[in-house]
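Peer 1: Below is the file coords_12.cif, which contains mmCIF, C-alpha atoms.
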```
data_query
loop_
_atom_site.label_atom_id
_atom_site.label_comp_id
_atom_site.auth_asym_id
_atom_site.auth_seq_id
_atom_site.Cartn_x
_atom_site.Cartn_y
_atom_site.Cartn_z
CA MET A 1 141.77 233.20 162.11
CA ALA A 2 142.05 231.84 158.58
CA HIS A 3 141.22 228.16 158.17
CA ASN A 4 144.17 225.90 157.36
CA PHE A 5 143.04 223.78 154.44
CA ASP A 6 146.17 221.60 154.23
CA ASP A 7 144.32 218.51 155.45
CA SER A 8 141.16 219.12 153.44
CA ALA A 9 140.25 217.21 150.29
CA LEU A 10 141.80 218.50 147.06
CA ALA A 11 138.52 219.91 145.74
CA THR A 12 138.10 221.93 148.94
CA ARG A 13 141.69 223.20 148.88
CA ALA A 14 141.29 224.28 145.25
CA ILE A 15 138.33 226.49 146.15
CA HIS A 16 139.47 227.89 149.50
CA ALA A 17 143.28 227.83 149.87
CA GLY A 18 144.67 231.35 149.47
CA GLN A 19 141.16 232.67 148.84
CA GLU A 20 140.37 234.63 151.99
CA PRO A 21 137.63 237.23 151.41
CA ASP A 22 138.96 240.73 150.81
CA ALA A 23 139.68 242.42 154.15
CA ALA A 24 138.47 245.84 153.01
CA THR A 25 135.17 244.90 151.39
CA GLY A 26 134.43 241.27 152.22
CA ALA A 27 134.51 240.33 148.51
CA VAL A 28 134.39 236.54 148.33
CA VAL A 29 136.67 236.51 145.27
CA PRO A 30 140.01 238.22 145.96
CA PRO A 31 140.45 241.28 143.70
CA ILE A 32 142.78 241.53 140.73
CA TYR A 33 145.62 243.88 141.57
CA MET A 34 146.16 245.34 138.11
CA THR A 35 149.05 247.57 139.06
CA SER A 36 152.69 247.70 138.08
CA THR A 37 153.89 249.47 141.22
CA PHE A 38 152.86 250.13 144.85
CA LYS A 39 152.94 253.25 147.04
CA GLN A 40 155.55 253.09 149.79
CA ASP A 41 154.98 254.79 153.11
CA GLY A 42 158.59 255.89 153.24
CA VAL A 43 161.86 254.79 151.70
CA GLY A 44 161.90 251.01 152.12
CA LYS A 45 158.59 251.05 154.01
CA MET A 46 156.48 248.79 151.82
CA ARG A 47 152.92 247.80 152.60
CA GLY A 48 152.84 244.03 152.91
CA GLY A 49 156.21 243.75 151.19
CA TYR A 50 154.88 244.92 147.81
CA ASP A 51 156.96 247.27 145.68
CA TYR A 52 156.82 246.24 141.99
CA SER A 53 154.69 243.64 140.23
CA ARG A 54 157.51 241.88 138.43
CA SER A 55 158.91 241.03 141.84
CA VAL A 56 155.70 240.35 143.72
CA ASN A 57 151.98 240.88 143.23
CA PRO A 58 149.07 240.00 145.54
CA THR A 59 147.07 238.25 142.81
CA ARG A 60 150.03 236.06 141.88
CA ASP A 61 150.59 235.32 145.58
CA VAL A 62 146.99 234.09 145.83
CA PHE A 63 147.52 231.68 142.94
CA ASP A 64 150.84 230.44 144.32
CA ALA A 65 149.25 229.67 147.68
CA GLN A 66 146.27 227.95 146.06
CA LEU A 67 148.36 225.79 143.71
CA ALA A 68 150.84 224.78 146.43
CA ALA A 69 147.95 223.63 148.60
CA VAL A 70 146.34 221.67 145.77
CA ASP A 71 149.62 220.01 144.81
CA GLY A 72 150.64 219.27 148.38
CA ALA A 73 153.88 221.24 147.94
CA GLN A 74 155.66 223.68 150.20
CA TYR A 75 156.20 226.15 147.39
CA ALA A 76 154.58 227.09 144.08
CA VAL A 77 156.12 229.61 141.70
CA ALA A 78 153.97 230.91 138.83
CA LEU A 79 155.66 231.77 135.54
CA SER A 80 154.49 233.23 132.23
CA SER A 81 154.38 229.86 130.41
CA GLY A 82 155.22 226.20 130.86
CA LEU A 83 158.46 226.67 128.91
CA ALA A 84 159.36 229.66 131.10
CA ALA A 85 158.90 227.38 134.12
CA ILE A 86 161.25 224.78 132.63
CA ASP A 87 163.78 227.44 131.70
CA VAL A 88 163.78 229.11 135.11
CA LEU A 89 163.99 225.83 137.01
CA LEU A 90 166.92 224.52 134.98
CA ARG A 91 168.87 227.79 134.78
CA SER A 92 168.44 228.14 138.54
CA THR A 93 169.92 224.74 139.27
CA LEU A 94 172.36 223.89 136.44
CA GLN A 95 175.76 225.15 135.38
CA PRO A 96 177.52 224.79 132.02
CA GLY A 97 179.10 221.34 131.98
CA ASP A 98 176.14 219.65 133.71
CA SER A 99 174.15 216.91 131.99
CA ILE A 100 170.44 216.22 131.53
CA LEU A 101 168.94 212.80 130.81
CA LEU A 102 165.72 213.33 128.88
CA GLY A 103 162.88 210.91 128.25
CA ASP A 104 162.54 210.02 124.57
CA ASP A 105 158.90 211.09 124.35
CA VAL A 106 158.32 214.66 125.53
CA TYR A 107 156.68 217.85 124.35
CA GLY A 108 158.51 219.17 121.29
CA GLY A 109 158.99 222.58 122.88
CA THR A 110 160.86 221.01 125.80
CA TYR A 111 163.29 219.26 123.46
CA ARG A 112 163.71 222.44 121.40
CA LEU A 113 164.53 224.49 124.51
CA LEU A 114 167.06 221.94 125.75
CA SER A 115 168.71 221.16 122.41
CA LYS A 116 168.73 224.66 120.91
CA VAL A 117 169.25 226.80 124.02
CA PHE A 118 170.73 224.72 126.83
CA VAL A 119 173.12 222.64 124.73
CA PRO A 120 174.78 225.76 123.22
CA TRP A 121 174.98 227.14 126.77
CA GLY A 122 177.13 224.14 127.70
CA ILE A 123 174.65 221.56 128.96
CA HIS A 124 175.16 217.96 127.83
CA LEU A 125 171.90 216.32 126.70
CA GLU A 126 171.18 212.64 126.24
CA VAL A 127 167.92 210.86 125.47
CA VAL A 128 166.69 207.54 126.88
CA ASP A 129 163.53 205.48 127.11
CA VAL A 130 162.84 206.65 130.63
CA THR A 131 160.17 203.96 131.11
CA ASP A 132 163.00 201.35 130.93
CA LEU A 133 164.73 201.32 134.32
CA ASP A 134 167.61 199.18 133.04
CA ALA A 135 168.25 201.70 130.26
CA VAL A 136 168.14 204.56 132.76
CA ARG A 137 170.54 202.76 135.11
CA SER A 138 172.93 202.12 132.23
CA LYS A 139 172.97 205.82 131.32
CA LEU A 140 173.40 206.94 134.92
CA SER A 141 176.33 204.54 135.28
CA GLU A 142 178.15 206.07 132.30
CA ARG A 143 178.36 209.67 133.51
CA HIS A 144 176.90 211.97 136.16
CA PHE A 145 173.58 213.56 135.22
CA ALA A 146 172.32 216.50 137.23
CA VAL A 147 168.71 215.86 136.20
CA VAL A 148 166.50 213.11 134.84
CA TRP A 149 163.56 214.72 133.03
CA VAL A 150 160.28 212.77 133.00
CA GLU A 151 156.87 213.29 131.45
CA THR A 152 154.24 210.81 132.57
CA PRO A 153 151.89 210.36 130.81
CA SER A 154 154.20 211.50 128.03
CA ASN A 155 153.39 213.69 125.07
CA PRO A 156 152.17 212.44 122.60
CA LEU A 157 152.72 208.67 122.97
CA LEU A 158 151.18 208.47 126.47
CA ARG A 159 154.02 206.39 127.91
CA ILE A 160 153.99 205.78 131.66
CA THR A 161 157.06 206.13 133.87
CA ASP A 162 157.15 204.71 137.39
CA ILE A 163 158.00 207.91 139.28
CA TRP A 164 158.89 206.26 142.58
CA ALA A 165 161.19 203.66 141.01
CA THR A 166 162.85 206.19 138.70
CA ALA A 167 163.35 208.71 141.52
CA SER A 168 164.84 206.03 143.78
CA LEU A 169 167.23 205.00 141.02
CA ALA A 170 168.22 208.56 140.18
CA HIS A 171 168.88 209.37 143.82
CA GLU A 172 171.25 206.41 144.07
CA PHE A 173 173.46 208.29 141.62
CA GLY A 174 173.03 211.72 143.21
CA THR A 175 170.75 212.81 140.37
CA LYS A 176 167.58 214.85 140.76
CA ILE A 177 164.32 213.97 139.00
CA VAL A 178 161.95 216.55 137.57
CA VAL A 179 158.45 215.52 136.47
CA ASP A 180 156.35 217.44 133.99
CA ASN A 181 152.93 216.65 135.45
CA THR A 182 150.90 218.63 132.91
CA PHE A 183 148.99 215.67 131.43
CA ALA A 184 147.95 214.22 134.80
CA SER A 185 147.44 217.46 136.76
CA PRO A 186 147.49 217.53 140.58
CA VAL A 187 144.10 215.80 140.59
CA LEU A 188 145.48 212.49 139.33
CA GLN A 189 149.14 212.46 140.33
CA HIS A 190 151.46 213.93 142.98
CA PRO A 191 155.08 213.38 141.86
CA LEU A 192 156.59 215.10 144.90
CA ASP A 193 154.95 212.46 147.10
CA ASP A 194 156.47 209.79 144.85
CA GLY A 195 160.02 211.08 145.26
CA ALA A 196 160.36 213.75 142.55
CA ASP A 197 162.54 216.73 143.43
CA ALA A 198 160.52 219.23 141.43
CA VAL A 199 157.35 219.35 139.34
CA VAL A 200 156.56 221.64 136.44
CA TYR A 201 153.24 222.45 134.79
CA SER A 202 152.00 224.23 131.78
CA THR A 203 149.11 225.82 133.65
CA THR A 204 147.77 226.75 130.22
CA LYS A 205 146.39 223.23 130.08
CA TYR A 206 144.17 221.58 132.74
CA ILE A 207 144.89 224.00 135.58
CA GLY A 208 143.73 227.02 133.56
CA GLY A 209 141.36 224.72 131.76
CA HIS A 210 139.53 227.10 129.43
CA SER A 211 142.02 227.83 126.62
CA ASP A 212 142.09 231.51 127.56
CA VAL A 213 145.39 231.93 129.41
CA VAL A 214 149.05 230.94 129.00
CA GLY A 215 151.06 230.13 132.11
CA GLY A 216 153.41 227.77 133.89
CA ALA A 217 154.43 226.80 137.41
CA ILE A 218 157.19 225.12 139.40
CA LEU A 219 156.33 223.09 142.53
CA LEU A 220 158.98 222.42 145.17
CA ASN A 221 159.62 221.34 148.75
CA ASP A 222 163.29 222.41 148.81
CA SER A 223 163.69 225.90 150.30
CA GLN A 224 167.15 226.45 148.79
CA VAL A 225 165.97 225.65 145.27
CA TYR A 226 162.91 227.82 145.87
CA GLU A 227 165.16 230.78 146.72
CA LYS A 228 167.15 230.25 143.52
CA VAL A 229 164.01 229.92 141.41
CA THR A 230 162.35 233.04 142.81
CA PHE A 231 165.56 235.02 142.39
CA LEU A 232 165.71 234.15 138.68
CA GLN A 233 161.95 234.63 138.29
CA ASN A 234 162.44 238.23 139.39
CA ALA A 235 165.80 238.78 137.70
CA ALA A 236 164.65 237.45 134.32
CA GLY A 237 161.07 238.65 134.65
CA ALA A 238 159.09 235.78 133.11
CA VAL A 239 156.05 236.39 135.30
CA PRO A 240 152.33 236.08 134.58
CA SER A 241 150.26 239.24 134.65
CA PRO A 242 147.80 239.76 137.53
CA PHE A 243 144.91 239.04 135.15
CA ASP A 244 146.56 235.82 133.95
CA SER A 245 147.07 234.80 137.58
CA TRP A 246 143.42 235.52 138.35
CA LEU A 247 142.19 233.51 135.35
CA THR A 248 144.32 230.54 136.39
CA THR A 249 143.10 230.82 139.97
CA ARG A 250 139.53 230.66 138.69
CA GLY A 251 140.32 227.64 136.54
CA LEU A 252 142.00 225.79 139.37
CA LYS A 253 138.85 225.98 141.49
CA THR A 254 137.03 223.54 139.18
CA LEU A 255 140.05 221.36 138.34
CA ASP A 256 138.97 218.31 140.33
CA MET A 257 135.55 218.11 138.70
CA ARG A 258 136.83 218.84 135.20
CA VAL A 259 139.73 216.39 135.17
CA LYS A 260 137.52 213.54 136.32
CA ARG A 261 135.07 214.31 133.49
CA HIS A 262 137.93 214.61 130.98
CA SER A 263 139.23 211.23 132.14
CA ALA A 264 135.86 209.48 131.97
CA ASN A 265 135.21 210.82 128.47
CA ALA A 266 138.70 209.87 127.27
CA LEU A 267 138.40 206.32 128.60
CA ALA A 268 135.03 205.84 126.91
CA LEU A 269 136.39 207.16 123.62
CA ALA A 270 139.56 205.04 123.86
CA GLN A 271 137.51 201.92 124.47
CA HIS A 272 135.27 202.78 121.53
CA LEU A 273 138.21 203.33 119.18
CA GLU A 274 139.94 200.06 120.08
CA ASN A 275 137.53 198.27 117.75
CA ALA A 276 137.53 200.82 114.91
CA PRO A 277 138.76 199.19 111.68
CA GLN A 278 140.69 202.31 110.58
CA ILE A 279 142.69 202.44 113.81
CA GLU A 280 146.00 200.59 114.05
CA ARG A 281 146.59 201.36 117.72
CA VAL A 282 145.01 203.32 120.55
CA LEU A 283 147.43 204.83 123.08
CA TYR A 284 145.73 205.51 126.41
CA PRO A 285 146.97 204.36 129.85
CA GLY A 286 143.44 203.61 131.02
CA LEU A 287 143.23 200.68 128.61
CA GLU A 288 144.36 197.30 129.90
CA SER A 289 146.14 196.84 126.56
CA HIS A 290 148.46 199.75 127.36
CA PRO A 291 151.94 198.54 128.46
CA GLY A 292 152.01 201.08 131.30
CA HIS A 293 148.47 200.41 132.53
CA ASP A 294 149.42 198.65 135.78
CA ILE A 295 151.84 201.41 136.79
CA ALA A 296 149.32 204.09 135.86
CA ALA A 297 146.58 202.35 137.85
CA ARG A 298 148.83 202.40 140.91
CA GLN A 299 150.36 205.85 140.40
CA MET A 300 147.37 207.84 139.13
CA HIS A 301 144.26 208.31 141.23
CA GLY A 302 140.75 208.97 139.97
CA GLY A 303 141.37 208.56 136.25
CA PHE A 304 143.98 208.36 133.52
CA GLY A 305 143.78 211.83 132.01
CA GLY A 306 142.00 213.44 129.11
CA VAL A 307 144.52 212.86 126.32
CA LEU A 308 144.71 209.87 124.00
CA SER A 309 146.50 209.23 120.73
CA VAL A 310 145.65 206.93 117.85
CA GLN A 311 147.59 205.63 114.89
CA LEU A 312 145.77 205.30 111.57
CA LYS A 313 146.25 202.11 109.55
CA ASP A 314 146.37 203.98 106.24
CA GLY A 315 149.17 206.31 107.29
CA LEU A 316 149.81 210.03 106.95
CA GLU A 317 147.08 210.97 104.52
CA ALA A 318 144.46 209.10 106.55
CA ALA A 319 145.61 210.98 109.65
CA LYS A 320 145.35 214.34 107.88
CA THR A 321 141.90 213.48 106.55
CA PHE A 322 140.72 212.40 109.99
CA VAL A 323 141.77 215.63 111.73
CA SER A 324 140.19 217.73 108.98
CA ARG A 325 136.75 216.13 109.23
CA THR A 326 135.82 216.52 112.91
CA LYS A 327 133.12 219.00 113.86
CA VAL A 328 133.02 218.94 117.67
CA PHE A 329 136.76 218.37 118.00
CA THR A 330 138.59 221.52 116.90
CA LEU A 331 141.82 221.23 114.92
CA ALA A 332 144.24 223.14 117.14
CA GLU A 333 147.37 222.83 119.22
CA SER A 334 147.32 222.67 123.03
CA LEU A 335 145.17 220.51 125.30
CA GLY A 336 143.40 220.43 128.62
CA GLY A 337 140.62 222.92 127.86
CA VAL A 338 136.93 222.23 128.36
CA GLU A 339 136.51 221.90 124.59
CA SER A 340 137.83 218.90 122.65
CA LEU A 341 140.83 219.45 120.40
CA ILE A 342 142.47 217.27 117.75
CA GLU A 343 145.90 217.65 116.15
CA HIS A 344 148.58 215.97 114.05
CA PRO A 345 151.69 216.04 116.29
CA ALA A 346 154.28 215.34 113.59
CA ALA A 347 153.28 218.52 111.73
CA MET A 348 152.14 220.62 114.69
CA THR A 349 153.19 220.35 118.37
CA HIS A 350 156.14 218.03 117.66
CA ALA A 351 157.42 219.40 114.36
CA SER A 352 160.56 220.57 116.22
CA VAL A 353 161.62 216.95 116.93
CA SER A 354 161.44 215.82 113.30
CA GLY A 355 164.61 213.93 112.40
CA THR A 356 165.60 213.33 116.04
CA ALA A 357 165.30 210.37 118.39
CA LEU A 358 162.01 211.91 119.56
CA GLN A 359 160.35 211.96 116.14
CA VAL A 360 156.74 210.80 116.33
CA PRO A 361 154.95 208.58 113.78
CA ASP A 362 153.32 210.53 110.95
CA ASN A 363 150.14 208.42 111.22
CA LEU A 364 149.63 209.58 114.83
CA VAL A 365 146.71 211.79 115.85
CA ARG A 366 146.42 213.28 119.35
CA LEU A 367 143.03 214.00 120.90
CA SER A 368 142.49 216.26 123.90
CA VAL A 369 139.11 215.02 125.05
CA GLY A 370 136.95 217.78 126.54
CA ILE A 371 134.00 217.70 128.88
CA GLU A 372 131.22 217.76 126.27
CA SER A 373 128.65 214.96 126.10
CA VAL A 374 130.60 211.77 125.46
CA ASP A 375 127.89 210.60 123.05
CA ASP A 376 128.47 213.70 120.91
CA LEU A 377 132.22 213.12 120.97
CA ILE A 378 131.87 209.50 119.88
CA GLU A 379 129.42 210.52 117.14
CA ASP A 380 131.88 213.15 115.89
CA ILE A 381 134.79 210.72 115.78
CA ASP A 382 132.68 208.10 114.04
CA GLN A 383 131.59 210.49 111.29
CA ALA A 384 135.18 211.73 110.84
CA LEU A 385 136.35 208.14 110.43
CA ASP A 386 133.27 207.31 108.36
CA LEU A 387 132.26 204.61 110.85
CA ARG A 388 128.54 205.39 110.97
CA SER A 389 126.33 202.69 109.51
#
```
Let's see the structure in the file written out as structure tokens.
Peer 2:
Amino acid sequence: MAHNFDDSALATRAIHAGQEPDAATGAVVPPIYMTSTFKQDGVGKMRGGYDYSRSVNPTRDVFDAQLAAVDGAQYAVALSSGLAAIDVLLRSTLQPGDSILLGDDVYGGTYRLLSKVFVPWGIHLEVVDVTDLDAVRSKLSERHFAVVWVETPSNPLLRITDIWATASLAHEFGTKIVVDNTFASPVLQHPLDDGADAVVYSTTKYIGGHSDVVGGAILLNDSQVYEKVTFLQNAAGAVPSPFDSWLTTRGLKTLDMRVKRHSANALALAQHLENAPQIERVLYPGLESHPGHDIAARQMHGGFGGVLSVQLKDGLEAAKTFVSRTKVFTLAESLGGVESLIEHPAAMTHASVSGTALQVPDNLVRLSVGIESVDDLIEDIDQALDLRS
């Protein structure tokens, strides 16, 4: 009988849940089923329920089972990207005429999808400082919103939203709350346990963890929403390939260890940069100076994540110079990989929110802190800022 890992520690679930050795050969790592279709033993007589890999694939099933166990969710649904996950979740649950209340600091691609695709489809979109419960209550009192959309920590300003308090407030008004948990990962934060109705991930980031795969996922406990999501997943076809699913499965096995190292490195770097003369402000929830620190310390467990942002005193040109001079940090979009990355959000990941309420400061630099030696990371930042004596 297969072991039930539901009550095991997260690190154990990540390695063993859904990972039964192959029945035919005993292979410890489940095989990659690189096939588009499956032989049927007669019309409608499918082996194990498999007919076509857009609809269902054994390798994707393995990842779904593993991620659901790690996240403590009843259901996980893997998609081809984080934006595909957002799209499928919202199109499964919204109708034209519905309204979304969006936090005012989110990934630029999320805002682009909502404002350029969902608004023309007939969805009403409003933006609010979702960390301000009074502001959220005021908005919810004005009209009915189907969804409150939360990122915490947010991208790229690292704002912290109290998930439990926001979910409780939203539910008073019959509104669902969705949390993009990409920055925290399941290692540090479990929004479903804190009252969220659904969680989305870009599994490209920490869950994949090696900058070699693009993917997304939806986590749910509601069976009716799960049925709607899986219907659209199949009908629209935004599914990861078997190889992508296998890569993400492999990444997830080391998630616990990696995220804790990311977090430790990021905290050390944030503390170091607080005293740098070129830095106007360090944004990292692990710092006591961060306005959301107390909430993050209660809501996040085992660290504060691997992303921090800094604002340069000398503005845009100083920010551009900084990102161009690093040697260990690579100038690139994305985050959450084992290697450290640095970027200028206003011109890169968040260019799509320029001129909107979500526009980010042009002196802001975002750092995805990897798992290299922290001494080497500090040395690299110091030379890029010309801080070395």
Peer 1: Give me the residues near stretch 267-275 of chain A as a list in words, where near means some atom within 7 Å (using all atoms listed in the file) and where sequence neighbours in that chain fewer than 3 positions away do not count.
Peer 2: Ser263, Ala264, Val282, Tyr284, Gly286 and Ile378 of chain A
Peer 1: Would you write out, as a tab-separated table, a table of all residues in stretch 255-352 of chain A that have an atom no more than 12 Å from an atom of stretch 165-185 of chain A, listing for each the closest atom pair and the distance in Å to one decimal, considering only C-alpha atoms and ordering rows by chain and rising residue number?
Peer 2:
```
residue	atom	partner	partner_atom	distance
A:Leu255	CA	A:Ser185	CA	8.5
A:Asp256	CA	A:Ser185	CA	9.2
A:Arg258	CA	A:Ser185	CA	10.8
A:Val259	CA	A:Ser185	CA	7.9
A:Lys260	CA	A:Ala184	CA	10.6
A:His262	CA	A:Ala184	CA	10.7
A:Ser263	CA	A:Ala184	CA	9.6
A:Tyr284	CA	A:Phe183	CA	11.8
A:Pro285	CA	A:Ala184	CA	11.1
A:Ile295	CA	A:Ala165	CA	10.5
A:Ala296	CA	A:Ala184	CA	10.3
A:Gln299	CA	A:Ala184	CA	10.4
A:Met300	CA	A:Ala184	CA	7.7
A:His301	CA	A:Ala184	CA	9.5
A:Gly302	CA	A:Ala184	CA	10.3
A:Gly303	CA	A:Ala184	CA	8.8
A:Phe304	CA	A:Ala184	CA	7.2
A:Gly305	CA	A:Ala184	CA	5.6
A:Gly306	CA	A:Phe183	CA	7.7
A:Val307	CA	A:Phe183	CA	7.3
A:Leu308	CA	A:Phe183	CA	10.4
A:Ser334	CA	A:Phe183	CA	11.1
A:Leu335	CA	A:Phe183	CA	8.7
A:Gly336	CA	A:Phe183	CA	7.9
A:Gly337	CA	A:Phe183	CA	11.6
```
Peer 1: Can you check which parts of stretch 175-267 of chain A lie within 12 Å of stretch 53-66 of chain A? Per residue, the shortest pair of atoms and distance in Å to one decimal, counting all atoms listed in the file, sorted by chain and number, as a tab-separated table.
Peer 2:
```
residue	atom	partner	partner_atom	distance
A:Pro186	CA	A:Gln66	CA	11.8
A:Thr203	CA	A:Phe63	CA	11.1
A:Ile207	CA	A:Phe63	CA	11.0
A:Gly208	CA	A:Phe63	CA	11.1
A:Gly215	CA	A:Arg60	CA	11.5
A:Gly216	CA	A:Asp64	CA	11.1
A:Ala217	CA	A:Asp64	CA	8.6
A:Ile218	CA	A:Asp64	CA	9.6
A:Leu219	CA	A:Asp64	CA	9.3
A:Leu220	CA	A:Asp64	CA	11.5
A:Thr230	CA	A:Ser55	CA	8.8
A:Phe231	CA	A:Ser55	CA	9.0
A:Leu232	CA	A:Ser55	CA	10.2
A:Gln233	CA	A:Ser55	CA	7.9
A:Asn234	CA	A:Ser55	CA	5.1
A:Ala235	CA	A:Ser55	CA	8.3
A:Ala236	CA	A:Arg54	CA	9.4
A:Gly237	CA	A:Arg54	CA	6.1
A:Ala238	CA	A:Arg54	CA	8.2
A:Val239	CA	A:Arg54	CA	6.5
A:Pro240	CA	A:Arg60	CA	7.7
A:Ser241	CA	A:Arg60	CA	7.9
A:Pro242	CA	A:Thr59	CA	5.5
A:Phe243	CA	A:Thr59	CA	8.0
A:Asp244	CA	A:Arg60	CA	8.7
A:Ser245	CA	A:Arg60	CA	5.4
A:Trp246	CA	A:Thr59	CA	6.4
A:Leu247	CA	A:Phe63	CA	9.5
A:Thr248	CA	A:Phe63	CA	7.4
A:Thr249	CA	A:Phe63	CA	5.4
A:Arg250	CA	A:Phe63	CA	9.1
A:Gly251	CA	A:Phe63	CA	10.4
A:Leu252	CA	A:Gln66	CA	8.2
A:Lys253	CA	A:Gln66	CA	8.9
A:Leu255	CA	A:Gln66	CA	11.9
```
Peer 1: Write a file of the selected residues as a compact mmCIF listing (two decimals), in the coordinates of the input, keeping C-alpha atoms.
Peer 2:
```txt
# COMPACT_ATOMS: atom_id res chain seq x y z
CA PRO A 186 147.49 217.53 140.58
CA THR A 203 149.11 225.82 133.65
CA ILE A 207 144.89 224.00 135.58
CA GLY A 208 143.73 227.02 133.56
CA GLY A 215 151.06 230.13 132.11
CA GLY A 216 153.41 227.77 133.89
CA ALA A 217 154.43 226.80 137.41
CA ILE A 218 157.19 225.12 139.40
CA LEU A 219 156.33 223.09 142.53
CA LEU A 220 158.98 222.42 145.17
CA THR A 230 162.35 233.04 142.81
CA PHE A 231 165.56 235.02 142.39
CA LEU A 232 165.71 234.15 138.68
CA GLN A 233 161.95 234.63 138.29
CA ASN A 234 162.44 238.23 139.39
CA ALA A 235 165.80 238.78 137.70
CA ALA A 236 164.65 237.45 134.32
CA GLY A 237 161.07 238.65 134.65
CA ALA A 238 159.09 235.78 133.11
CA VAL A 239 156.05 236.39 135.30
CA PRO A 240 152.33 236.08 134.58
CA SER A 241 150.26 239.24 134.65
CA PRO A 242 147.80 239.76 137.53
CA PHE A 243 144.91 239.04 135.15
CA ASP A 244 146.56 235.82 133.95
CA SER A 245 147.07 234.80 137.58
CA TRP A 246 143.42 235.52 138.35
CA LEU A 247 142.19 233.51 135.35
CA THR A 248 144.32 230.54 136.39
CA THR A 249 143.10 230.82 139.97
CA ARG A 250 139.53 230.66 138.69
CA GLY A 251 140.32 227.64 136.54
CA LEU A 252 142.00 225.79 139.37
CA LYS A 253 138.85 225.98 141.49
CA LEU A 255 140.05 221.36 138.34
```
Peer 1: Could you tell me which residues the PyMOL selection byres ((chain A and resi 102) around 9) grabs in this file, written as a PDB file with C-alpha atoms, in the coordinates of the input?
Peer 2:
```pdb
ATOM      1  CA  ILE A 100     170.440 216.220 131.530  1.00  0.00           C
ATOM      2  CA  LEU A 101     168.940 212.800 130.810  1.00  0.00           C
ATOM      3  CA  GLY A 103     162.880 210.910 128.250  1.00  0.00           C
ATOM      4  CA  ASP A 104     162.540 210.020 124.570  1.00  0.00           C
ATOM      5  CA  ASP A 105     158.900 211.090 124.350  1.00  0.00           C
ATOM      6  CA  VAL A 106     158.320 214.660 125.530  1.00  0.00           C
ATOM      7  CA  TYR A 111     163.290 219.260 123.460  1.00  0.00           C
ATOM      8  CA  LEU A 125     171.900 216.320 126.700  1.00  0.00           C
ATOM      9  CA  GLU A 126     171.180 212.640 126.240  1.00  0.00           C
ATOM     10  CA  VAL A 127     167.920 210.860 125.470  1.00  0.00           C
ATOM     11  CA  VAL A 128     166.690 207.540 126.880  1.00  0.00           C
ATOM     12  CA  ASP A 129     163.530 205.480 127.110  1.00  0.00           C
ATOM     13  CA  VAL A 130     162.840 206.650 130.630  1.00  0.00           C
ATOM     14  CA  VAL A 147     168.710 215.860 136.200  1.00  0.00           C
ATOM     15  CA  VAL A 148     166.500 213.110 134.840  1.00  0.00           C
ATOM     16  CA  TRP A 149     163.560 214.720 133.030  1.00  0.00           C
ATOM     17  CA  VAL A 150     160.280 212.770 133.000  1.00  0.00           C
TER      18      VAL A 150
END
```
Peer 1: I'd like the contact shell of A:Val360 - 9 Å cut-off, all atoms listed in the file, skipping same-chain residues fewer than 3 positions apart - returned as a VMD selection string.
Peer 2: chain A and resid 105 156 to 157 345 to 346 350 to 351 353 to 354 357 363 to 364
Peer 1: To one decimal in Å, tell me the separation between atom CA of A:Ser211 and atom CA of A:Gly72.
Peer 2: 24.9 Å
Peer 1: What does the distance from atom CA of A:Ile123 to atom CA of A:Gly97 come to in Å, to one decimal?
Peer 2: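 It comes out at 5.4 Å.
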Peer 1: Which of these residues is nearest to A:Gly195, using all atoms listed in the file: A:Gly49, A:Asp162, A:Val214, A:Met257?
Peer 2: A:Asp162
Peer 1: Do a neighbour search on A:His16 at 12 Å with all atoms listed in the file, toss out local chain neighbours closer than 3 positions, and write the hits as a PyMOL selection string.
Peer 2: chain A and resi 2-6+8-13+19-21+28-30+62-63+65-67+69-70+249-250+252-254
Peer 1: Determine the nearest neighbour of A:Met34 from the options A:Gly370, A:Tyr52, A:Asp98, A:Ile163, counting all atoms listed in the file.
Peer 2: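 Of all the options, A:Tyr52 lies closest to A:Met34.
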Peer 1: When you count all atoms listed in the file, which of these residues is closest to A:Leu287: A:Ile371, A:Glu333, A:Leu158, A:Ser352?
Peer 2: A:Leu158
Peer 1: Restricting the calculation to all atoms listed in the file, which member of A:Glu343, A:Asp51, A:Asp194, A:Glu288 is positioned closest to A:Thr35?
Peer 2: A:Asp51
Peer 1: If we count all atoms listed in the file and set the cut-off at 9 Å, which residues sit around A:Asp87, ignoring sequence neighbours fewer than 6 positions away in its own chain? Please answer as a VMD selection string.
Peer 2: chain A and resid 113 to 114 118
Peer 1: Enter the distance from atom CA of A:Val200 to atom CA of A:Glu142, in Å, rounded to one decimal.
Peer 2: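 These atoms are spaced 26.9 Å apart.
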Peer 1: Write out as a list of chain:residue names each polymer residue whose atoms come within 12 Å of A:Glu317, counting all atoms listed in the file; drop sequence neighbours fewer than 5 positions from it.
Peer 2: A:Gln311, A:Leu312, A:Phe322, A:Val323, A:Ser324, A:His344, A:Asp362, A:Asn363, A:Leu364, A:Val365
